[in-house]
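Right, one structure below, let's go through it.
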Amino acid sequence: MNKYYFRGYSGSNVGRKIKGSYQFFDGTKIKVISAKEGKTIVINFASEVKEGELTMGILDSTNALVAELETNTTGTREINSDKNQKYRLVIRGTQTKGSFNVNWEIN
């Protein structure tokens, strides 16, 4: 469940992209990513943490962490879906200031 508090927030959460820039973020944002068996999810990410703590990761349908998206950097992760399932992109802020940008495609 999405439970969070933003202050000074500018961003979007549309389609296969979620991004935000904020003066204060405390809580958790979740975005569902559906993938079919045999497909590959290619995730591009970037973030900057000026204060506090930000974590980003991908959980599978059993809540197992399948990919950690490092903060204060840019990168790409690939996840091979071994069955039809819904993954969850979880972005968690703890009294943080900064920005994040995550987008993905399914091949």
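In the structure tokens, chains take letters A, B, ... by order of appearance, with residues numbered from 1 within each chain and ligands from 1 in the order shown.
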
Show me, as an mmCIF file with N, CA and C atoms, in the first residue's frame, the residues that have an atom within 9 Å of Met56 (chain A) when counting only C-alpha atoms, minus same-chain residues fewer than 4 positions from it.
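result_29.cif, freshly written:
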data_model
loop_
_atom_site.group_PDB
_atom_site.id
_atom_site.type_symbol
_atom_site.label_atom_id
_atom_site.label_comp_id
_atom_site.auth_asym_id
_atom_site.auth_seq_id
_atom_site.Cartn_x
_atom_site.Cartn_y
_atom_site.Cartn_z
ATOM 1 N N ALA A 67 15.716 -7.382 -7.185
ATOM 2 C CA ALA A 67 16.688 -6.393 -7.674
ATOM 3 C C ALA A 67 16.692 -5.188 -6.751
ATOM 4 N N GLU A 68 17.885 -4.800 -6.345
ATOM 5 C CA GLU A 68 18.040 -3.567 -5.583
ATOM 6 C C GLU A 68 18.506 -2.495 -6.554
ATOM 7 N N LEU A 69 17.885 -1.326 -6.473
ATOM 8 C CA LEU A 69 18.267 -0.199 -7.321
ATOM 9 C C LEU A 69 19.037 0.770 -6.444
ATOM 10 N N GLU A 70 20.333 0.847 -6.642
ATOM 11 C CA GLU A 70 21.184 1.671 -5.794
ATOM 12 C C GLU A 70 20.778 3.137 -5.895
ATOM 13 N N THR A 71 21.046 3.876 -4.828
ATOM 14 C CA THR A 71 20.732 5.297 -4.813
ATOM 15 C C THR A 71 22.000 6.117 -5.013
ATOM 16 N N LEU A 89 7.614 -2.366 -7.759
ATOM 17 C CA LEU A 89 8.689 -1.399 -7.565
ATOM 18 C C LEU A 89 8.361 -0.669 -6.268
ATOM 19 N N VAL A 90 9.255 -0.773 -5.290
ATOM 20 C CA VAL A 90 9.036 -0.155 -3.978
ATOM 21 C C VAL A 90 10.079 0.949 -3.777
ATOM 22 N N ILE A 91 9.590 2.153 -3.560
ATOM 23 C CA ILE A 91 10.455 3.301 -3.302
ATOM 24 C C ILE A 91 10.134 3.778 -1.891
ATOM 25 N N ARG A 92 11.137 3.736 -1.031
ATOM 26 C CA ARG A 92 10.929 4.061 0.380
ATOM 27 C C ARG A 92 11.846 5.214 0.787
ATOM 28 N N GLY A 93 11.231 6.246 1.325
ATOM 29 C CA GLY A 93 11.996 7.393 1.804
ATOM 30 C C GLY A 93 11.886 7.521 3.309
#

Contacts of Gly8 (chain A) at 9 Å (only C-alpha atoms; same-chain gap of 2+ positions) as a PDB file with N, CA and C atoms, in the first residue's frame:
ATOM      1  N   PHE A   6       4.798  13.813   1.142  1.00  0.00           N
ATOM      2  CA  PHE A   6       5.729  14.628   0.366  1.00  0.00           C
ATOM      3  C   PHE A   6       5.531  16.090   0.728  1.00  0.00           C
ATOM      4  N   SER A  10       7.401  17.530  -6.972  1.00  0.00           N
ATOM      5  CA  SER A  10       7.089  17.684  -8.384  1.00  0.00           C
ATOM      6  C   SER A  10       7.434  16.361  -9.042  1.00  0.00           C
ATOM      7  N   SER A  21      10.813  14.769  -7.615  1.00  0.00           N
ATOM      8  CA  SER A  21      11.811  15.625  -6.991  1.00  0.00           C
ATOM      9  C   SER A  21      11.100  16.243  -5.793  1.00  0.00           C
ATOM     10  N   TYR A  22      11.748  16.273  -4.636  1.00  0.00           N
ATOM     11  CA  TYR A  22      11.036  16.646  -3.420  1.00  0.00           C
ATOM     12  C   TYR A  22      11.974  17.288  -2.405  1.00  0.00           C
ATOM     13  N   GLN A  23      11.391  18.126  -1.579  1.00  0.00           N
ATOM     14  CA  GLN A  23      12.104  18.721  -0.451  1.00  0.00           C
ATOM     15  C   GLN A  23      12.048  17.791   0.761  1.00  0.00           C
ATOM     16  N   PHE A  24      10.975  16.966   0.834  1.00  0.00           N
ATOM     17  CA  PHE A  24      10.825  16.026   1.942  1.00  0.00           C
ATOM     18  C   PHE A  24       9.945  14.872   1.486  1.00  0.00           C
ATOM     19  N   PHE A  25      10.392  13.643   1.764  1.00  0.00           N
ATOM     20  CA  PHE A  25       9.635  12.433   1.440  1.00  0.00           C
ATOM     21  C   PHE A  25       9.828  11.462   2.592  1.00  0.00           C
TER      22      PHE A  25
END

- Query: Which residue out of A:Asn84, A:Asn107, A:Thr94, A:Asn44 has the minimum interatomic distance to Lys29 (chain A) when only C-alpha atoms are used?
  - Reply: A:Thr94

- Item | Sel. of strand (DSSP E or B) residues, region 8-94 of chain A, as a ChimeraX atom specification | /A:10-14,17-35,40-59,65-69,74-80,85-94

- Query: For Gly75 (chain A), which residue among A:Asn101, A:Lys39, A:Ile106, A:Ala46 is the nearest when counting only C-alpha atoms?
  - Reply: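 Closest to Gly75 (chain A) of all the choices is A:Ala46.
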
- Query: So, counting only C-alpha atoms, which residue among A:Thr28, A:Gln85, A:Asn80, A:Thr74 is closest to Asn103 (chain A)?
  - Reply: A:Thr74

- So how far away is CA of Glu105 (chain A) from CA of Gly15 (chain A), in Å? 10.2 Å
